[in-house]
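In what follows, a structure is listed as structure tokens, so that the remarks can point back to it.
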2 protein chains.
Amino acid sequence: MKIIRTISDMQEAVQTLRRDGKRIGFVPTMGYLHAGHLSLVHLARQQSDRVVVSIFVNPTQFGPNEDLEAYPRDFARDEALCRDADVDYIFYPSAAEMYPPGAGVYVNEDHLSTKLCGASRPGHFRGVLTVVTKLFHIVQPDVAVFGEKDAQQLRLIHQMVDDLNVPVTILPGPIVREADGLALSSRNVYLSETERREALCLRKALDQAEQMHASGERSARSVITAMEKILNTTPSARVDYLSIVHWNDLSPAEQLEGDILIALAVYIGRTRLIDNTRLKTTDAHAS
Amino acid sequence: MKIIRTISDMQEAVQTLRRDGKRIGFVPTMGYLHAGHLSLVHLARQQSDRVVVSIFVNPTQFGPNEDLEAYPRDFARDEALCRDADVDYIFYPSAAEMYPPGAGVYVNEDHLSTKLCGASRPGHFRGVLTVVTKLFHIVQPDVAVFGEKDAQQLRLIHQMVDDLNVPVTILPGPIVREADGLALSSRNVYLSETERREALCLRKALDQAEQMHASGERSARSVITAMEKILNTTPSARVDYLSIVHWNDLSPAEQLEGDILIALAVYIGRTRLIDNTRLKTTDAHAS
């Protein structure tokens, strides 16, 4: 496994791989890897001859009052995990390497990116789309894997690949959870013992929604009310958003029909956690 | 020579070329080709095994009151010229192919793009950067050639390639002029006989600036005054802008020292023409 720190070295390495006809799989991460990331590496591995993992805590996707400084980092641990997962290259650039002084060109979208997480994190998806474009140009992968936990990010990456004709196949990776249901996140390390227990409210609210849907409930309003009841009775929880939207345009859905995303962001104490579920319903006429 | 009209066919063709180790040169154009375009094709030819020319009048770089509909088009003539110039592929997509309904991701820059032409054509460079990014992803060239006549566009393309780590080498092509000095432009066809004669005022003003610079004049104010005199005594001319700026950040220069761009946009009747010159001066201490 090679650790590469400069853009030019990475571009040179992939140029050689491409010349040799190797298929490149790519997993972009912010490090502090967990089993969720490793499942993405595994998916990339299945589709590629060589796997590149990038580890970069991207400053441009953090807001001024967010946790850029506090975001957990442990490169030695990440390196060991990547080695065990049979990763071929870690791309591990500095912020100065990725954003030299004077950089000003960016990638953005003005509609999907303003909903859900975009409403409380203005500029977040501009940062994401810009850094992913840069990483795609640096790593030049055939296939790139993104986790479904960041549902809106995944939706926007699909949109970007379509709109900008990016020659990369996007592969979604299912959410990986702890035994009790908490979605894996590098930010879970912020939680106190009590908060860790109460953080289960996100999954419990989604369970409730899935059960109601399975029993035939189609009213988004009823599902949201039931989910809110669970979240509002959790002492450390404060809802940032709880939305039932159409997957395609992320607009609010009144009925659980078609391709639906139920997404929520909840502060557990001072830690903002997200989780979601996709429900695909064929309408009554078709069934 | 192959004419390709769909994105997927073009991406497939270049994938085969790349697999065969061919070096791809690319010249993006809006068609209605002239000797200026053909000089860019010649430059691309020298650096590549295969040359791709795109012909696409990009709607997103035209403002609502600009000449999108009137912009001259003659594909049969363009095709013949490309064949003569030994072009290997013409990429000739429709607007619907390039911008399907629902597209929303774009590439932009907020500083360089608001100066010079950007001040009178808001959104123009967002359209340019977005379509060039798309074309780069579709054609995947090793080298792409852009004319120096569109100086600000060239500056922004360099910026984009740097900031987004685009794996393409940008090659600038010198301005090609008629025998009397008028810079070649597809828009010259709009000019009446009188206007064609008076359109020489752009080049005459730049000649004046170059002569003053050669004689040791360093005051931008003095040079602008002399250029304005030429333009203001031309009956059909109306100056859109006349600027002396630093090449690097396109900020106004007071002295003709360092790497300087003198750029102007002038309406000749209803036709907006641009022209420019670059002056590189080592400072007095070094000479």
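Labeling convention for the structure tokens: chains A, B, ... as they appear, residues from 1 per chain, ligands from 1 in order of appearance.
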
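Residue-level contact on chain B: within 8 Å of chain A, counting only C-alpha atoms, the set is Gln11, Arg19, Gly21, Tyr99, Ala103, Gly104, Val105, Tyr106, Val107, Asn108, Glu109, Asp110, His111, Thr130, Thr133, Lys134, His137, Ile138, Gln159, Met160, Asp162, Asp163, Leu164, Asn165, Val166 and Pro167 of chain B.
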
File of the preceding selection, C-alpha atoms, as a PDB file, in the first residue's frame:
```
ATOM      1  CA  GLN B  11     -17.078   9.001 -24.556  1.00  0.00           C
ATOM      2  CA  ARG B  19      -6.901   2.403 -24.328  1.00  0.00           C
ATOM      3  CA  GLY B  21      -2.468   4.980 -25.944  1.00  0.00           C
ATOM      4  CA  TYR B  99     -28.595  20.254 -21.302  1.00  0.00           C
ATOM      5  CA  ALA B 103     -29.747  19.829 -15.145  1.00  0.00           C
ATOM      6  CA  GLY B 104     -28.591  22.104 -12.349  1.00  0.00           C
ATOM      7  CA  VAL B 105     -24.938  21.572 -11.392  1.00  0.00           C
ATOM      8  CA  TYR B 106     -22.587  24.264 -12.658  1.00  0.00           C
ATOM      9  CA  VAL B 107     -18.998  25.486 -12.423  1.00  0.00           C
ATOM     10  CA  ASN B 108     -18.305  29.101 -11.508  1.00  0.00           C
ATOM     11  CA  GLU B 109     -15.820  31.624 -10.160  1.00  0.00           C
ATOM     12  CA  ASP B 110     -16.734  34.906  -8.469  1.00  0.00           C
ATOM     13  CA  HIS B 111     -13.799  37.297  -8.953  1.00  0.00           C
ATOM     14  CA  THR B 130     -19.639  24.710 -17.103  1.00  0.00           C
ATOM     15  CA  THR B 133     -15.964  21.137 -17.861  1.00  0.00           C
ATOM     16  CA  LYS B 134     -18.636  19.037 -19.566  1.00  0.00           C
ATOM     17  CA  HIS B 137     -15.342  15.082 -19.301  1.00  0.00           C
ATOM     18  CA  ILE B 138     -16.807  14.009 -22.639  1.00  0.00           C
ATOM     19  CA  GLN B 159      -7.712  29.085 -13.228  1.00  0.00           C
ATOM     20  CA  MET B 160     -10.254  26.291 -13.494  1.00  0.00           C
ATOM     21  CA  ASP B 162      -5.520  24.713 -11.579  1.00  0.00           C
ATOM     22  CA  ASP B 163      -8.303  24.936  -8.990  1.00  0.00           C
ATOM     23  CA  LEU B 164     -10.197  21.788 -10.015  1.00  0.00           C
ATOM     24  CA  ASN B 165      -7.037  19.796 -10.859  1.00  0.00           C
ATOM     25  CA  VAL B 166      -8.316  19.065 -14.352  1.00  0.00           C
ATOM     26  CA  PRO B 167      -5.881  16.590 -15.973  1.00  0.00           C
TER      27      PRO B 167
END
```

List every residue of range 66-225 of chain B that DSSP, applied to the backbone of this structure, assigns to strand (DSSP E or B), and report them as a ChimeraX atom specification. /B:89-91,106-108,143-147,169-173,177,183,219

Would you mind listing what lies within 7 Å of Gly36 in chain B as an NGL selection string, with only C-alpha atoms counted and same-chain residues fewer than 3 positions away left out? :B and (39-40 or 175-176 or 184)

If you count only C-alpha atoms, which residues fall within 6 Å of range 54-61 of chain B, apart from same-chain ones fewer than 4 positions away, as a list in words? Pro28, Thr29, Met30, Gly31, Ile90, Phe91, Tyr92, His124, Gly127 and Val128 of chain B

For Ala144 in chain B: contacts at 8 Å, only C-alpha atoms, fewer than 3 positions along chain excluded, given as a PyMOL selection string: chain B and resi 25-28+44+141+168-171

With only C-alpha atoms as the counted atoms, please give the residues lying no more than 7 Å from Met227 in chain A, apart from itself and same-chain residues fewer than 4 positions off, as a PyMOL selection string. chain A and resi 205+208-209+223+231

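The two atoms in question, CA of Ile274 in chain A and CA of Lys149 in chain A, are spaced 7.5 Å apart.
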
Check range 94-164 of chain A with DSSP on the backbone and list each residue it calls helix (DSSP H, G or I), as a tab-separated table (two decimals) with N, CA and C atoms, in the first residue's frame.
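File produced: states_34.tsv:
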```
chain	number	residue	atom	x	y	z
A	95	ALA	N	-4.42	20.43	3.56
A	95	ALA	CA	-5.37	21.44	3.10
A	95	ALA	C	-4.67	22.43	2.15
A	96	ALA	N	-3.40	22.73	2.41
A	96	ALA	CA	-2.67	23.67	1.55
A	96	ALA	C	-2.43	23.06	0.16
A	97	GLU	N	-2.26	21.74	0.10
A	97	GLU	CA	-2.08	21.07	-1.19
A	97	GLU	C	-3.38	21.14	-1.99
A	98	MET	N	-4.50	20.97	-1.31
A	98	MET	CA	-5.79	20.94	-2.01
A	98	MET	C	-6.31	22.35	-2.32
A	112	LEU	N	-31.42	21.26	-5.17
A	112	LEU	CA	-31.29	20.11	-4.27
A	112	LEU	C	-30.40	20.45	-3.07
A	113	SER	N	-29.39	21.29	-3.33
A	113	SER	CA	-28.37	21.55	-2.30
A	113	SER	C	-28.86	22.48	-1.19
A	114	THR	N	-30.04	23.11	-1.38
A	114	THR	CA	-30.53	24.03	-0.35
A	114	THR	C	-31.54	23.35	0.58
A	117	CYS	N	-30.11	18.91	4.76
A	117	CYS	CA	-28.89	19.38	5.42
A	117	CYS	C	-28.43	20.72	4.87
A	118	GLY	N	-28.72	20.99	3.57
A	118	GLY	CA	-28.29	22.24	2.96
A	118	GLY	C	-28.93	23.46	3.61
A	119	ALA	N	-30.14	23.29	4.16
A	119	ALA	CA	-30.82	24.42	4.78
A	119	ALA	C	-30.10	24.86	6.05
A	120	SER	N	-29.59	23.90	6.83
A	120	SER	CA	-28.90	24.29	8.07
A	120	SER	C	-27.38	24.37	7.88
A	124	HIS	N	-22.36	23.95	2.43
A	124	HIS	CA	-21.82	22.59	2.64
A	124	HIS	C	-21.68	21.82	1.33
A	125	PHE	N	-22.75	21.82	0.53
A	125	PHE	CA	-22.70	20.97	-0.67
A	125	PHE	C	-21.84	21.58	-1.78
A	126	ARG	N	-21.72	22.91	-1.77
A	126	ARG	CA	-20.74	23.52	-2.68
A	126	ARG	C	-19.34	23.00	-2.34
A	127	GLY	N	-19.03	22.92	-1.04
A	127	GLY	CA	-17.75	22.36	-0.62
A	127	GLY	C	-17.60	20.92	-1.03
A	128	VAL	N	-18.68	20.14	-0.85
A	128	VAL	CA	-18.64	18.72	-1.20
A	128	VAL	C	-18.46	18.53	-2.71
A	129	LEU	N	-19.28	19.23	-3.50
A	129	LEU	CA	-19.22	19.03	-4.96
A	129	LEU	C	-17.86	19.48	-5.51
A	130	THR	N	-17.32	20.54	-4.94
A	130	THR	CA	-16.03	21.04	-5.41
A	130	THR	C	-14.91	20.05	-5.08
A	131	VAL	N	-14.89	19.56	-3.84
A	131	VAL	CA	-13.79	18.66	-3.48
A	131	VAL	C	-13.93	17.32	-4.19
A	132	VAL	N	-15.15	16.86	-4.40
A	132	VAL	CA	-15.32	15.58	-5.10
A	132	VAL	C	-14.89	15.72	-6.57
A	133	THR	N	-15.21	16.87	-7.18
A	133	THR	CA	-14.74	17.11	-8.55
A	133	THR	C	-13.21	17.10	-8.60
A	134	LYS	N	-12.59	17.79	-7.66
A	134	LYS	CA	-11.13	17.80	-7.59
A	134	LYS	C	-10.59	16.37	-7.43
A	135	LEU	N	-11.16	15.63	-6.47
A	135	LEU	CA	-10.68	14.27	-6.21
A	135	LEU	C	-10.88	13.38	-7.44
A	136	PHE	N	-12.00	13.55	-8.14
A	136	PHE	CA	-12.23	12.75	-9.35
A	136	PHE	C	-11.17	13.07	-10.40
A	137	HIS	N	-10.80	14.35	-10.51
A	137	HIS	CA	-9.77	14.72	-11.49
A	137	HIS	C	-8.39	14.22	-11.07
A	138	ILE	N	-8.20	14.10	-9.78
A	138	ILE	CA	-6.89	13.65	-9.28
A	138	ILE	C	-6.76	12.13	-9.36
A	139	VAL	N	-7.81	11.42	-8.97
A	139	VAL	CA	-7.76	9.95	-8.88
A	139	VAL	C	-8.23	9.29	-10.19
A	151	ALA	N	-27.43	10.67	2.39
A	151	ALA	CA	-28.36	10.46	1.28
A	151	ALA	C	-28.39	11.66	0.34
A	152	GLN	N	-28.44	12.85	0.91
A	152	GLN	CA	-28.51	14.04	0.06
A	152	GLN	C	-27.21	14.22	-0.73
A	153	GLN	N	-26.10	13.93	-0.08
A	153	GLN	CA	-24.81	13.99	-0.78
A	153	GLN	C	-24.81	13.02	-1.95
A	154	LEU	N	-25.27	11.80	-1.72
A	154	LEU	CA	-25.34	10.80	-2.79
A	154	LEU	C	-26.22	11.29	-3.93
A	155	ARG	N	-27.39	11.88	-3.57
A	155	ARG	CA	-28.30	12.40	-4.60
A	155	ARG	C	-27.60	13.47	-5.44
A	156	LEU	N	-26.85	14.37	-4.76
A	156	LEU	CA	-26.17	15.46	-5.46
A	156	LEU	C	-24.99	14.97	-6.29
A	157	ILE	N	-24.30	13.95	-5.81
A	157	ILE	CA	-23.18	13.39	-6.60
A	157	ILE	C	-23.74	12.77	-7.88
A	158	HIS	N	-24.85	12.05	-7.77
A	158	HIS	CA	-25.49	11.52	-8.98
A	158	HIS	C	-25.83	12.66	-9.94
A	159	GLN	N	-26.40	13.75	-9.39
A	159	GLN	CA	-26.78	14.89	-10.22
A	159	GLN	C	-25.56	15.49	-10.91
A	160	MET	N	-24.48	15.64	-10.16
A	160	MET	CA	-23.26	16.22	-10.72
A	160	MET	C	-22.68	15.35	-11.83
A	161	VAL	N	-22.64	14.05	-11.57
A	161	VAL	CA	-22.09	13.14	-12.58
A	161	VAL	C	-22.93	13.22	-13.86
A	162	ASP	N	-24.25	13.30	-13.70
A	162	ASP	CA	-25.12	13.45	-14.88
A	162	ASP	C	-24.89	14.79	-15.57
A	163	ASP	N	-24.98	15.87	-14.80
A	163	ASP	CA	-24.98	17.21	-15.40
A	163	ASP	C	-23.63	17.58	-15.99
```

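Excluding range 212-221 of chain A and any residue on its chain fewer than 3 positions from it, the residues at most 8 Å away by only C-alpha atoms are Gln208, Ala209, Ile224, Thr225, Ile244, Ala253, Glu254, Gln255, Leu256 and Glu257 of chain A.
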
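Across the model, the gap from CA of Ile3 in chain B to CA of Ala35 in chain B is 20.7 Å.
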
So, counting only C-alpha atoms, which residue among B:Asn188, B:Ala226, B:Thr194, B:Leu116 is closest to Asp240 in chain B? B:Leu116

Measure the distance from CA of Ser236 in chain B to CA of Pro64 in chain B in Å and round it to one decimal. 23.8 Å
